[in-house]
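A.B. asks: My file is start_37.txt. It has compact mmCIF, C-alpha atoms:
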```txt
# COMPACT_ATOMS: atom_id res chain seq x y z
CA MET Q 9 13.80 14.58 1.96
CA GLN Q 10 13.60 13.54 5.60
CA LEU Q 11 16.63 12.19 7.39
CA THR Q 12 14.65 9.13 8.52
CA HIS Q 13 13.93 8.27 4.90
CA VAL Q 14 17.60 8.49 3.95
CA PHE Q 15 18.67 6.47 6.99
CA TYR Q 16 16.01 3.80 6.43
CA ASN Q 17 16.89 3.37 2.76
CA ALA Q 18 20.60 3.19 3.54
CA ALA Q 19 19.99 0.64 6.31
CA VAL Q 20 17.88 -1.56 4.05
CA LYS Q 21 20.34 -1.33 1.18
CA PHE Q 22 23.63 -1.83 3.01
CA SER Q 23 22.33 -4.40 5.47
CA GLU Q 24 20.62 -6.21 2.57
CA ILE Q 25 17.36 -6.48 4.49
CA GLU Q 26 14.76 -8.50 2.60
CA ASN Q 27 12.08 -8.69 5.26
CA LEU Q 28 11.18 -6.67 8.28
CA THR Q 29 9.75 -8.57 11.23
CA ARG Q 30 9.46 -5.87 13.84
CA VAL Q 31 9.59 -2.11 13.52
CA GLY Q 32 9.12 0.12 16.52
CA LEU Q 33 9.36 3.66 17.77
CA ARG Q 34 10.68 3.93 21.30
CA THR Q 35 10.31 7.23 23.11
CA VAL Q 36 11.65 7.64 26.61
CA TYR Q 37 10.92 10.64 28.82
CA ALA Q 38 12.87 10.99 32.05
CA LYS Q 39 12.68 13.29 35.04
CA ASP Q 40 15.62 13.52 37.43
CA TYR Q 41 15.36 13.36 41.22
CA ASP Q 42 17.94 13.76 43.92
CA ASN Q 43 17.63 10.34 45.50
CA PRO Q 44 15.79 7.01 45.13
CA LYS Q 45 13.33 7.86 47.87
CA LEU Q 46 12.05 10.87 45.94
CA VAL Q 47 11.74 8.70 42.82
CA ALA Q 48 9.58 6.22 44.72
CA GLU Q 49 7.45 8.99 46.23
CA ALA Q 50 6.93 10.62 42.85
CA LEU Q 51 5.70 7.33 41.45
CA TYR Q 52 3.30 6.78 44.36
CA GLN Q 53 1.96 10.29 43.97
CA THR Q 54 0.86 9.58 40.41
CA ASN Q 55 -1.96 7.50 41.96
CA TYR Q 56 -1.61 4.82 39.30
CA ILE Q 57 -0.23 2.44 41.89
CA ASN Q 58 -2.12 1.53 45.01
CA PHE Q 59 0.33 0.41 47.62
CA PRO Q 60 -0.01 0.15 51.40
CA HIS Q 61 1.51 3.15 53.13
CA ASN Q 62 5.02 2.77 54.59
CA LEU Q 63 5.66 -0.41 52.70
CA TYR Q 64 7.78 1.33 50.14
CA LEU Q 65 10.75 1.62 52.46
CA ILE Q 66 12.50 -1.57 53.29
CA LYS Q 67 14.68 -1.95 56.36
CA ASN Q 68 18.04 -0.92 54.97
CA GLY Q 69 16.63 2.34 53.69
CA ILE Q 70 16.51 1.47 50.00
CA PRO Q 71 13.04 2.22 48.71
CA LEU Q 72 10.95 -0.14 46.65
CA ILE Q 73 10.42 1.41 43.27
CA PRO Q 74 7.32 0.14 41.49
CA ASN Q 75 6.84 -0.29 37.76
CA TYR Q 76 3.58 0.25 35.99
CA ALA Q 77 2.75 -0.89 32.46
CA ILE Q 78 -0.28 -0.73 30.23
CA GLY Q 79 -0.76 -1.42 26.54
CA TRP Q 80 -2.38 -3.49 23.88
CA GLN Q 81 -1.24 -5.76 21.09
CA ASP Q 82 -3.11 -7.29 18.17
CA GLU Q 83 -1.96 -9.49 15.30
CA GLU Q 84 -0.02 -6.72 13.64
CA LYS Q 85 0.53 -3.77 15.93
CA GLY Q 86 1.08 -2.99 19.55
CA ILE Q 87 1.71 -0.18 21.99
CA ALA Q 88 3.10 -0.25 25.51
CA TYR Q 89 3.44 2.48 28.12
CA ARG Q 90 5.77 1.79 31.02
CA LEU Q 91 5.98 4.14 33.96
CA LYS Q 92 8.94 3.17 36.05
CA GLY Q 93 11.58 4.40 38.42
CA LYS Q 94 15.28 4.08 37.90
CA ALA Q 95 17.74 4.25 40.75
CA GLU Q 96 21.09 2.93 39.71
CA LYS Q 97 24.72 3.75 39.33
CA LEU Q 98 26.62 3.50 36.10
CA GLY Q 99 30.36 3.10 36.36
CA ILE Q 100 32.88 3.19 33.55
CA ASP Q 101 36.57 2.29 33.64
CA LEU Q 102 38.23 4.81 31.41
CA PRO Q 103 40.86 3.60 28.90
CA LEU Q 104 44.53 3.96 29.78
CA LYS Q 105 45.11 6.41 26.96
CA LEU Q 106 43.02 8.96 28.83
CA THR Q 107 44.00 8.20 32.37
CA ALA Q 108 47.77 7.81 31.78
CA LYS Q 109 48.39 11.56 31.67
CA GLY Q 110 46.45 12.07 34.84
CA ASP Q 111 43.89 14.45 33.29
CA PHE Q 112 41.07 12.01 33.82
CA PRO Q 113 40.16 9.73 36.72
CA ASN Q 114 40.45 5.95 36.30
CA PHE Q 115 36.82 5.42 37.05
CA VAL Q 116 33.74 7.53 36.29
CA GLU Q 117 30.48 6.98 38.06
CA LYS Q 118 27.06 8.48 37.46
CA GLU Q 119 24.02 8.01 39.55
CA TYR Q 120 20.60 7.94 37.96
CA ASN Q 121 17.52 8.71 40.01
CA GLN Q 122 14.74 9.12 37.49
CA VAL Q 123 11.08 8.59 36.88
CA ILE Q 124 10.77 7.27 33.34
CA LEU Q 125 7.88 7.10 30.92
CA ASP Q 126 8.86 4.59 28.28
CA ILE Q 127 6.57 4.42 25.22
CA ASP Q 128 7.03 1.60 22.76
CA ILE Q 129 4.84 1.53 19.67
CA TYR Q 130 5.52 -1.17 17.10
CA ILE Q 131 4.43 -3.48 14.33
CA HIS Q 132 5.30 -7.15 14.57
CA LYS Q 133 4.66 -8.63 11.19
CA HIS Q 134 6.64 -9.84 8.20
CA ILE Q 135 6.66 -7.02 5.69
CA LEU Q 136 8.68 -6.10 2.63
CA PRO Q 137 10.97 -3.09 2.93
CA GLY Q 138 9.13 -1.43 0.03
CA GLN Q 139 5.85 -1.50 1.96
CA PHE Q 140 7.20 0.62 4.76
CA PHE Q 141 7.32 4.41 4.61
CA SER Q 142 9.54 5.44 7.50
CA ASP Q 143 8.57 9.13 7.58
CA GLU Q 144 4.88 8.43 7.46
CA TRP Q 145 5.07 5.60 9.97
CA ILE Q 146 7.01 7.65 12.53
CA LYS Q 147 4.59 10.56 12.15
CA GLN Q 148 1.59 8.29 12.66
CA ALA Q 149 3.15 6.31 15.48
CA HIS Q 150 4.09 9.47 17.36
CA LYS Q 151 0.62 10.95 16.86
CA THR Q 152 -1.05 7.73 18.01
CA ALA Q 153 1.21 7.32 21.04
CA LYS Q 154 0.45 10.89 22.07
CA GLU Q 155 -3.30 10.57 21.57
CA GLU Q 156 -3.62 7.20 23.28
CA GLY Q 157 -1.30 8.22 26.08
CA SER Q 158 -3.14 11.43 26.80
CA LYS Q 159 -6.37 9.48 27.20
CA PHE Q 160 -4.91 7.56 30.08
CA PHE Q 161 -2.16 9.72 31.53
CA GLY Q 162 -3.72 13.11 30.79
CA GLU Q 163 -2.52 15.94 28.61
CA GLN Q 164 0.53 16.88 30.70
CA MET B 13 -35.72 -9.33 -29.05
CA LEU B 14 -36.40 -6.73 -26.37
CA ILE B 15 -33.98 -5.96 -23.61
CA ARG B 16 -34.98 -3.94 -20.62
CA ASP B 17 -32.48 -1.56 -19.11
CA ASN B 18 -33.22 -1.57 -15.40
CA GLU B 19 -31.75 1.88 -14.82
CA THR B 20 -33.73 3.70 -17.48
CA ALA B 21 -36.59 1.20 -17.74
CA ASN B 22 -36.30 1.41 -21.51
CA TYR B 23 -36.54 -1.52 -23.85
CA SER B 24 -34.09 -1.78 -26.70
CA GLU B 25 -34.66 -4.00 -29.66
CA VAL B 26 -32.06 -6.44 -30.91
CA LYS B 27 -32.68 -7.52 -34.46
CA GLY B 28 -32.35 -11.05 -35.67
CA SER B 29 -33.48 -12.75 -32.49
CA THR B 30 -36.80 -14.10 -31.35
CA HIS B 31 -36.07 -14.21 -27.63
CA LEU B 32 -38.07 -11.96 -25.38
CA PHE B 33 -36.71 -10.91 -22.03
CA LYS B 34 -39.53 -10.60 -19.53
CA SER B 35 -39.02 -8.36 -16.56
CA VAL B 36 -39.84 -10.09 -13.31
CA ASP B 37 -38.84 -7.61 -10.62
CA SER B 38 -35.09 -7.87 -10.47
CA GLU B 39 -34.83 -10.91 -12.69
CA ILE B 40 -35.27 -11.19 -16.42
CA GLU B 41 -35.96 -14.59 -17.86
CA THR B 42 -36.23 -16.10 -21.29
CA GLY B 43 -37.40 -19.39 -22.52
CA SER B 44 -33.85 -20.43 -23.21
CA ASN B 45 -32.47 -20.42 -19.72
CA VAL B 46 -31.09 -16.86 -19.82
CA LYS B 47 -31.38 -15.05 -16.51
CA GLN B 48 -30.29 -11.65 -15.44
CA THR B 49 -28.44 -11.91 -12.19
CA SER B 50 -27.66 -8.24 -11.75
CA GLU B 51 -28.09 -5.04 -13.71
CA SER B 52 -25.90 -6.10 -16.55
CA ASN B 53 -25.04 -9.75 -16.00
CA TYR B 54 -26.91 -12.51 -17.80
CA ARG B 55 -26.52 -16.14 -16.98
CA ILE B 56 -26.71 -18.62 -19.81
CA GLY B 57 -26.70 -21.98 -18.18
CA LYS B 58 -23.44 -21.99 -16.28
CA ILE B 59 -22.00 -19.15 -18.35
CA THR B 60 -22.12 -15.57 -17.14
CA ALA B 61 -21.93 -13.03 -19.94
CA ARG B 62 -21.69 -9.34 -19.24
CA ILE B 63 -23.86 -7.29 -21.57
CA PRO B 64 -23.42 -3.54 -21.19
CA PHE B 65 -26.30 -1.54 -22.58
CA VAL B 66 -24.03 1.27 -23.68
CA PHE B 67 -22.45 -1.10 -26.18
CA GLU B 68 -25.65 -2.09 -27.88
CA HIS B 69 -23.87 -2.35 -31.20
CA ASP B 70 -21.55 -5.10 -29.92
CA PHE B 71 -24.50 -6.92 -28.49
CA LYS B 72 -26.47 -6.71 -31.71
CA SER B 73 -23.60 -8.25 -33.61
CA TRP B 74 -23.80 -11.32 -31.36
CA ASN B 75 -26.52 -13.64 -32.53
CA ILE B 76 -27.83 -15.05 -29.27
CA GLU B 77 -30.17 -17.49 -30.96
CA ASP B 78 -27.33 -19.15 -32.85
CA ASP B 79 -25.07 -19.17 -29.83
CA LEU B 80 -27.69 -20.74 -27.61
CA SER B 81 -28.90 -23.33 -30.08
CA ASP B 82 -25.81 -24.37 -31.98
CA ASN B 83 -22.79 -23.13 -30.07
CA ARG B 84 -23.85 -23.65 -26.47
CA ASP B 85 -21.25 -26.34 -25.88
CA THR B 86 -18.55 -24.17 -27.41
CA LEU B 87 -19.58 -21.24 -25.23
CA LYS B 88 -19.51 -23.42 -22.14
CA SER B 89 -16.01 -24.63 -22.91
CA GLU B 90 -14.84 -21.10 -23.60
CA ALA B 91 -16.35 -19.84 -20.38
CA LYS B 92 -14.19 -22.22 -18.41
CA ASP B 93 -11.12 -20.44 -19.77
CA ILE B 94 -12.28 -17.00 -18.70
CA PRO B 95 -10.55 -16.15 -15.43
CA THR B 96 -13.09 -14.88 -12.94
CA GLY B 97 -10.46 -12.93 -11.01
CA GLU B 98 -9.15 -13.61 -7.55
CA LYS B 99 -11.33 -12.17 -4.84
CA LEU B 100 -9.54 -9.59 -2.79
CA THR B 101 -9.40 -10.39 0.88
CA SER B 102 -7.56 -8.72 3.72
CA LYS B 103 -4.74 -11.20 3.20
CA ASN B 104 -4.07 -10.63 -0.50
CA ASN B 105 -5.22 -7.04 -0.87
CA PRO B 106 -1.98 -5.07 -1.17
CA VAL B 107 -3.57 -1.75 -0.15
CA LYS B 108 -5.11 -3.23 2.96
CA THR B 109 -1.80 -4.87 3.85
CA ILE B 110 -0.05 -1.52 3.68
CA ARG B 111 -2.78 0.36 5.49
CA ASN B 112 -2.75 -2.19 8.32
CA LEU B 113 0.84 -1.26 9.09
CA TYR B 114 -0.19 2.22 10.08
CA PHE B 115 -2.13 3.47 13.06
CA GLN B 116 -4.32 6.11 11.45
CA ASP B 117 -7.14 5.53 8.96
CA GLU B 118 -5.54 7.73 6.35
CA PHE B 119 -1.98 8.65 5.50
CA ILE B 120 -0.75 12.00 6.84
CA THR B 121 1.61 12.72 3.92
CA PRO B 122 -0.56 14.22 1.13
CA GLU B 123 1.41 12.59 -1.71
CA LEU B 124 1.16 9.18 -0.10
CA ARG B 125 -2.54 9.56 0.59
CA THR B 126 -3.29 10.65 -2.99
CA GLY B 127 -0.85 8.22 -4.60
CA ILE B 128 -2.14 5.10 -2.86
CA ASN B 129 -5.79 6.05 -3.37
CA LEU B 130 -5.23 6.72 -7.07
CA LEU B 131 -3.25 3.52 -7.51
CA GLU B 132 -6.09 1.57 -5.96
CA ILE B 133 -8.63 3.15 -8.31
CA SER B 134 -6.28 2.62 -11.26
CA GLN B 135 -5.92 -1.05 -10.43
CA ASN B 136 -9.70 -1.42 -10.43
CA TYR B 137 -9.97 0.17 -13.88
CA ILE B 138 -7.22 -2.04 -15.27
CA THR B 139 -8.85 -5.14 -13.77
CA LYS B 140 -12.13 -4.17 -15.40
CA SER B 141 -10.34 -3.53 -18.67
CA LEU B 142 -8.73 -6.95 -18.48
CA GLU B 143 -12.06 -8.61 -17.79
CA SER B 144 -13.63 -6.76 -20.72
CA ILE B 145 -10.96 -7.75 -23.20
CA GLN B 146 -11.17 -11.34 -22.02
CA HIS B 147 -14.87 -11.12 -22.86
CA ARG B 148 -13.91 -9.75 -26.29
CA LYS B 149 -15.15 -6.26 -25.59
CA ARG B 150 -12.26 -4.22 -26.91
CA LYS B 151 -14.15 -0.94 -26.95
CA GLU B 152 -15.19 -1.24 -23.31
CA SER B 153 -11.71 -2.38 -22.37
CA ASP B 154 -10.17 0.65 -24.07
CA GLU B 155 -12.58 2.96 -22.28
CA PHE B 156 -11.39 1.65 -18.92
CA ILE B 157 -7.79 2.23 -19.99
CA MET B 158 -8.69 5.77 -21.01
CA GLN B 159 -10.17 6.31 -17.55
CA PHE B 160 -6.97 5.01 -15.99
CA LYS B 161 -4.90 7.30 -18.22
CA ALA B 162 -6.71 10.30 -16.76
CA PHE B 163 -5.09 9.55 -13.37
CA LEU B 164 -1.54 9.33 -14.67
CA PRO B 165 -0.69 13.06 -14.49
CA GLU B 166 -1.81 13.16 -10.85
CA LEU B 167 0.05 9.95 -10.08
CA PHE B 168 3.12 11.51 -11.66
CA CYS B 169 2.80 14.40 -9.20
CA CYS B 170 3.07 11.85 -6.38
CA ARG B 171 6.48 10.60 -7.52
CA THR B 172 8.04 11.93 -4.31
CA ILE B 173 6.63 8.78 -2.66
CA SER B 174 9.74 7.00 -3.86
CA GLU B 175 12.22 7.00 -6.67
CA SER B 176 10.81 3.69 -7.89
CA PHE B 177 7.25 5.00 -7.85
CA GLY B 178 8.29 7.89 -10.11
CA ALA B 179 10.21 5.57 -12.44
CA VAL B 180 7.31 3.13 -12.85
CA ILE B 181 4.67 5.83 -13.36
CA ASN B 182 6.93 7.61 -15.83
CA ALA B 183 7.44 4.37 -17.77
CA ILE B 184 3.67 3.73 -17.90
CA GLN B 185 2.96 7.28 -18.99
CA ASN B 186 5.54 7.10 -21.78
CA ALA B 187 4.36 3.64 -22.84
CA LEU B 188 0.73 4.70 -23.17
CA SER B 189 1.69 7.94 -24.85
CA ASN B 190 3.81 6.05 -27.38
CA MET B 191 0.81 3.86 -28.23
CA LYS B 192 -0.61 6.99 -29.89
CA GLY B 193 -4.21 6.14 -29.07
CA CYS B 194 -4.13 2.52 -30.23
CA PRO B 195 -6.07 0.21 -27.91
CA LEU B 196 -3.98 -2.13 -25.78
CA SER B 197 -3.85 -5.82 -26.48
CA GLU B 198 -4.68 -8.38 -23.80
CA LYS B 199 -0.97 -9.09 -23.30
CA GLN B 200 -0.32 -5.38 -22.73
CA ILE B 201 -3.20 -5.01 -20.28
CA VAL B 202 -1.95 -8.02 -18.33
CA ALA B 203 1.50 -6.39 -18.20
CA LEU B 204 -0.06 -3.11 -17.07
CA HIS B 205 -2.06 -4.93 -14.39
CA GLU B 206 1.07 -6.68 -13.15
CA ILE B 207 3.15 -3.53 -12.90
CA ILE B 208 0.40 -1.59 -11.12
CA THR B 209 -0.25 -4.45 -8.70
CA GLY B 210 3.50 -4.68 -8.05
CA LEU B 211 3.60 -0.96 -7.31
CA LEU B 212 0.62 -1.26 -4.98
CA ARG B 213 2.26 -4.14 -3.16
CA GLU B 214 5.53 -2.28 -2.71
CA PRO B 215 5.19 1.44 -3.49
CA ALA B 216 8.65 2.10 -2.06
CA MET B 217 10.38 -0.86 -3.67
CA SER B 218 14.09 -0.69 -4.42
CA PHE B 219 15.07 0.98 -7.65
CA GLU B 220 16.56 -2.28 -8.95
CA LYS B 221 13.21 -3.98 -8.44
CA ALA B 222 11.44 -1.14 -10.25
CA VAL B 223 13.82 -1.55 -13.20
CA ASP B 224 12.95 -5.28 -13.29
CA TYR B 225 9.23 -4.46 -13.36
CA VAL B 226 9.73 -1.90 -16.13
CA SER B 227 11.79 -4.39 -18.15
CA LYS B 228 9.03 -7.00 -17.92
CA PHE B 229 6.51 -4.31 -18.82
CA GLU B 230 8.59 -3.37 -21.84
CA ASP B 231 8.54 -6.99 -23.01
CA ALA B 232 4.79 -6.63 -23.67
CA ASP B 233 5.48 -4.52 -26.79
CA PHE B 234 5.61 -1.23 -24.90
CA GLU B 235 8.02 1.60 -25.62
CA VAL B 236 8.80 3.08 -22.22
CA GLU B 237 11.24 5.76 -23.32
CA SER B 238 9.96 9.19 -24.11
CA VAL B 239 10.03 9.91 -27.85
CA GLY B 240 11.67 13.27 -27.23
CA VAL B 241 14.41 11.73 -25.13
CA GLU B 242 15.06 9.06 -27.73
CA GLY B 243 15.42 11.72 -30.42
CA LEU B 244 17.75 13.71 -28.21
CA LEU B 245 19.87 10.62 -27.50
CA LYS B 246 20.10 9.82 -31.20
CA LEU B 247 21.12 13.43 -31.89
CA THR B 248 23.81 13.18 -29.22
CA GLU B 249 25.07 9.92 -30.76
CA ILE B 250 25.22 11.51 -34.21
CA MET B 251 27.05 14.52 -32.84
CA ASP B 252 29.50 12.25 -31.03
CA GLU B 253 30.11 10.29 -34.22
CA ASP B 254 30.66 13.49 -36.22
CA GLU B 255 33.05 14.77 -33.61
CA THR B 256 35.03 11.49 -33.68
CA GLU B 257 35.20 11.62 -37.48
CA LEU B 258 36.44 15.21 -37.37
CA ILE B 259 39.13 14.28 -34.86
CA ASN B 260 40.18 11.31 -36.98
CA ASP B 261 40.36 13.48 -40.10
```
Can the structure from this file be put into structure tokens for me?

C.D. replies:
Amino acid sequence: MQLTHVFYNAAVKFSEIENLTRVGLRTVYAKDYDNPKLVAEALYQTNYINFPHNLYLIKNGIPLIPNYAIGWQDEEKGIAYRLKGKAEKLGIDLPLKLTAKGDFPNFVEKEYNQVILDIDIYIHKHILPGQFFSDEWIKQAHKTAKEEGSKFFGEQ
Amino acid sequence: MLIRDNETANYSEVKGSTHLFKSVDSEIETGSNVKQTSESNYRIGKITARIPFVFEHDFKSWNIEDDLSDNRDTLKSEAKDIPTGEKLTSKNNPVKTIRNLYFQDEFITPELRTGINLLEISQNYITKSLESIQHRKRKESDEFIMQFKAFLPELFCCRTISESFGAVINAIQNALSNMKGCPLSEKQIVALHEIITGLLREPAMSFEKAVDYVSKFEDADFEVESVGVEGLLKLTEIMDEDETELIND
């Protein structure tokens, strides 16, 4: 038995879910770059975005990072592909328990410079939990997202 | 009376009647307002009676002349009580509802693909059986049930779809097996139709829900436990009782 099946059944049972209104499969692919400028350049080089040359650098040196989204949605299902850049810093204040002994710093920071392909495939409809087969749905959604995506973005 | 079978173009004679069905292309008419609307449907005024040619005997036993002349009003009133069946649309068709949730035309999992397809066919047979018995055609109704029964072993093989699916199919299989060949009553066919439709609507329903369905199914004079299991349980009870007596002694 698949893990998804076990997880889905447990979630429905213990959360006492009587109706599902939206079910989706979100897949995010990310590629790291050294700095935000390279992220912006990588996005421009995909040729999906037509932007006047030299406009992507604003005066203080922080590049403009474009987002690009395509998709469709009908009464029951939908799919969205978002190609976007991410240039941000994530900082976390560590708890005192860790930092008190001096083994860890008080503050941890990570910088993300990534080009991200975010695929969201979903159904938005009121359905009964017993109508939904999680294993089958994930298999089909993944297959569809791959097939549809490759038509537009290419095989690689 | 002569009846023309459109498929074989043969006329069969029905004794005791003076009506003659004349073939006019796709329509057969009589002088008493009887029209064939399709291969096997005859319209008598506002009443539609289904007359299968394979059950000629049943048809012969029905004296059309008497029904049309003397009992027409009775037939009309009875026809109002015959449910014509709800037409399946995309909104109330359980299979279509489930299929619409998925992105591919067919299910990828073999058990799911086979199970849902067989359930859909089974539901059609049971609906036909129900219609037949409501038209007092017990033999035809039983034949449809027999055709449905042929799918049960394969449906049983698809019990990995869900625990509930296995439980419901197992209950149906035991119930029909325990009937020992006796034809189902209308009440039983209605119960069978309900449980199959419920399973089609929610093939992966919770086990508690499946138990509720089986309980309702059992209320229609069905025995859903396997005979072998029942015997084994009784044997266990007897052995337990004997053991308790021995300990007490």

A.B. asks: Please identify all residues of chain B having at least one atom at most 12 Å from any atom of chain Q, considering only C-alpha atoms, and return them as an mmCIF file with C-alpha atoms, keeping the file's coordinate frame.

C.D. replies:
```cif
data_model
loop_
_atom_site.group_PDB
_atom_site.id
_atom_site.type_symbol
_atom_site.label_atom_id
_atom_site.label_comp_id
_atom_site.auth_asym_id
_atom_site.auth_seq_id
_atom_site.Cartn_x
_atom_site.Cartn_y
_atom_site.Cartn_z
ATOM 1 C CA PRO B 106 -1.980 -5.070 -1.170
ATOM 2 C CA VAL B 107 -3.570 -1.750 -0.150
ATOM 3 C CA LYS B 108 -5.110 -3.230 2.960
ATOM 4 C CA THR B 109 -1.800 -4.870 3.850
ATOM 5 C CA ILE B 110 -0.050 -1.520 3.680
ATOM 6 C CA ARG B 111 -2.780 0.360 5.490
ATOM 7 C CA ASN B 112 -2.750 -2.190 8.320
ATOM 8 C CA LEU B 113 0.840 -1.260 9.090
ATOM 9 C CA TYR B 114 -0.190 2.220 10.080
ATOM 10 C CA PHE B 115 -2.130 3.470 13.060
ATOM 11 C CA GLN B 116 -4.320 6.110 11.450
ATOM 12 C CA ASP B 117 -7.140 5.530 8.960
ATOM 13 C CA GLU B 118 -5.540 7.730 6.350
ATOM 14 C CA PHE B 119 -1.980 8.650 5.500
ATOM 15 C CA ILE B 120 -0.750 12.000 6.840
ATOM 16 C CA THR B 121 1.610 12.720 3.920
ATOM 17 C CA PRO B 122 -0.560 14.220 1.130
ATOM 18 C CA GLU B 123 1.410 12.590 -1.710
ATOM 19 C CA LEU B 124 1.160 9.180 -0.100
ATOM 20 C CA ARG B 125 -2.540 9.560 0.590
ATOM 21 C CA ILE B 128 -2.140 5.100 -2.860
ATOM 22 C CA THR B 172 8.040 11.930 -4.310
ATOM 23 C CA ILE B 173 6.630 8.780 -2.660
ATOM 24 C CA SER B 174 9.740 7.000 -3.860
ATOM 25 C CA GLU B 175 12.220 7.000 -6.670
ATOM 26 C CA SER B 176 10.810 3.690 -7.890
ATOM 27 C CA PHE B 177 7.250 5.000 -7.850
ATOM 28 C CA GLY B 210 3.500 -4.680 -8.050
ATOM 29 C CA LEU B 211 3.600 -0.960 -7.310
ATOM 30 C CA LEU B 212 0.620 -1.260 -4.980
ATOM 31 C CA ARG B 213 2.260 -4.140 -3.160
ATOM 32 C CA GLU B 214 5.530 -2.280 -2.710
ATOM 33 C CA PRO B 215 5.190 1.440 -3.490
ATOM 34 C CA ALA B 216 8.650 2.100 -2.060
ATOM 35 C CA MET B 217 10.380 -0.860 -3.670
ATOM 36 C CA SER B 218 14.090 -0.690 -4.420
ATOM 37 C CA PHE B 219 15.070 0.980 -7.650
ATOM 38 C CA GLU B 220 16.560 -2.280 -8.950
ATOM 39 C CA LYS B 221 13.210 -3.980 -8.440
ATOM 40 C CA ALA B 222 11.440 -1.140 -10.250
#
```

A.B. asks: What is the CA of Asn105 in chain B-CA of Ala162 in chain B distance in Å, reported with one decimal?

C.D. replies: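 Computing the Euclidean distance for CA of Asn105 in chain B and CA of Ala162 in chain B yields 23.6 Å.
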
A.B. asks: Could you list, as an MDAnalysis selection string, every residue within 8 Å of range 90-92 of chain Q, counting all atoms listed in the file and ignoring same-chain residues fewer than 2 positions away?

C.D. replies: chainID Q and resid 51 73:78 88 94 123:127

A.B. asks: Given the choices Q:Gly79, Q:Gly110, Q:Pro44, Q:Pro71, which gets closest to Glu96 in chain Q if the distance is worked out from all atoms listed in the file?

C.D. replies: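 For Glu96 in chain Q, the nearest of the given residues is Q:Pro44.
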
A.B. asks: So, counting all atoms listed in the file, which residue among Q:Leu46, Q:Ala108, Q:Ala19, Q:Val116 is closest to Ala95 in chain Q?

C.D. replies: Q:Leu46

A.B. asks: To one decimal place, how far is CA of Ala203 in chain B from CA of Phe229 in chain B in Å?

C.D. replies: 5.5 Å

A.B. asks: CA of Asn182 in chain B and CA of Val14 in chain Q are how many Å apart?

C.D. replies: 22.5 Å

A.B. asks: Please identify all polymer residues within 10 Å of Pro195 in chain B, counting only C-alpha atoms, omitting same-chain residues fewer than 5 positions from it, and present them as a VMD selection string.

C.D. replies: chain B and resid 150 to 151 153 to 155 157 to 158 188 200 to 201

A.B. asks: Which residues come within 9 Å of Asn43 in chain Q, counting only C-alpha atoms, excluding same-chain residues fewer than 4 positions away, as a ChimeraX atom specification?

C.D. replies: /Q:47,95,120-122

A.B. asks: Would you mind listing what lies within 7 Å of Glu235 in chain B as a ChimeraX atom specification, with only C-alpha atoms counted and same-chain residues fewer than 5 positions away left out?

C.D. replies: /B:187,190,230

A.B. asks: Do a neighbour search on Ile181 in chain B at 10 Å with only C-alpha atoms, toss out local chain neighbours closer than 3 positions, and write the hits as a list in words.

C.D. replies: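 That gives Leu164, Pro165, Leu167, Phe168, Cys169, Cys170, Arg171, Ser176, Phe177, Gly178, Ile184, Gln185, Asn186, Ala187, Ile207, Ile208, Leu211 and Val226 of chain B.
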
A.B. asks: Using all atoms listed in the file, pick whichever of Q:Gln53, Q:Ser142, Q:Asn114, Q:Ser158 has the shortest atom-to-atom distance to Leu33 in chain Q.

C.D. replies: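 Among Q:Gln53, Q:Ser142, Q:Asn114, Q:Ser158, it is Q:Ser142 that comes nearest to Leu33 in chain Q.
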
A.B. asks: Return the single residue from B:Leu204, B:Ile138, B:Ala183, B:Leu131 that is closest to Phe156 in chain B, with distances computed using only C-alpha atoms.

C.D. replies: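 Counting only C-alpha atoms, the residue closest to Phe156 in chain B is B:Ile138.
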
A.B. asks: Go through B:Ile133, B:Ile250, B:Val239, B:Ile259 one by one, measure the shortest atom-to-atom distance of each to Phe163 in chain B using only C-alpha atoms, and give the residue with the smallest value.

C.D. replies: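 Closest residue, counting only C-alpha atoms: B:Ile133.
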
A.B. asks: Quick one: range 228-232 of chain B with N, CA, C and O atoms, as a PDB file, keeping the file's coordinate frame?

C.D. replies:
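What follows is the written file selection.pdb:
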```
ATOM      1  N   LYS B 228      10.090  -6.025 -17.590  1.00  0.00           N
ATOM      2  CA  LYS B 228       9.030  -7.000 -17.920  1.00  0.00           C
ATOM      3  C   LYS B 228       7.884  -6.314 -18.646  1.00  0.00           C
ATOM      4  O   LYS B 228       7.303  -6.855 -19.578  1.00  0.00           O
ATOM      5  N   PHE B 229       7.575  -5.104 -18.209  1.00  0.00           N
ATOM      6  CA  PHE B 229       6.510  -4.310 -18.820  1.00  0.00           C
ATOM      7  C   PHE B 229       6.856  -4.010 -20.282  1.00  0.00           C
ATOM      8  O   PHE B 229       6.014  -4.094 -21.171  1.00  0.00           O
ATOM      9  N   GLU B 230       8.113  -3.708 -20.492  1.00  0.00           N
ATOM     10  CA  GLU B 230       8.590  -3.370 -21.840  1.00  0.00           C
ATOM     11  C   GLU B 230       8.494  -4.576 -22.779  1.00  0.00           C
ATOM     12  O   GLU B 230       8.313  -4.423 -23.984  1.00  0.00           O
ATOM     13  N   ASP B 231       8.611  -5.770 -22.198  1.00  0.00           N
ATOM     14  CA  ASP B 231       8.540  -6.990 -23.010  1.00  0.00           C
ATOM     15  C   ASP B 231       7.155  -7.195 -23.646  1.00  0.00           C
ATOM     16  O   ASP B 231       7.016  -7.988 -24.579  1.00  0.00           O
ATOM     17  N   ALA B 232       6.145  -6.498 -23.114  1.00  0.00           N
ATOM     18  CA  ALA B 232       4.790  -6.630 -23.670  1.00  0.00           C
ATOM     19  C   ALA B 232       4.557  -5.604 -24.778  1.00  0.00           C
ATOM     20  O   ALA B 232       3.501  -4.970 -24.853  1.00  0.00           O
TER      21      ALA B 232
END
```
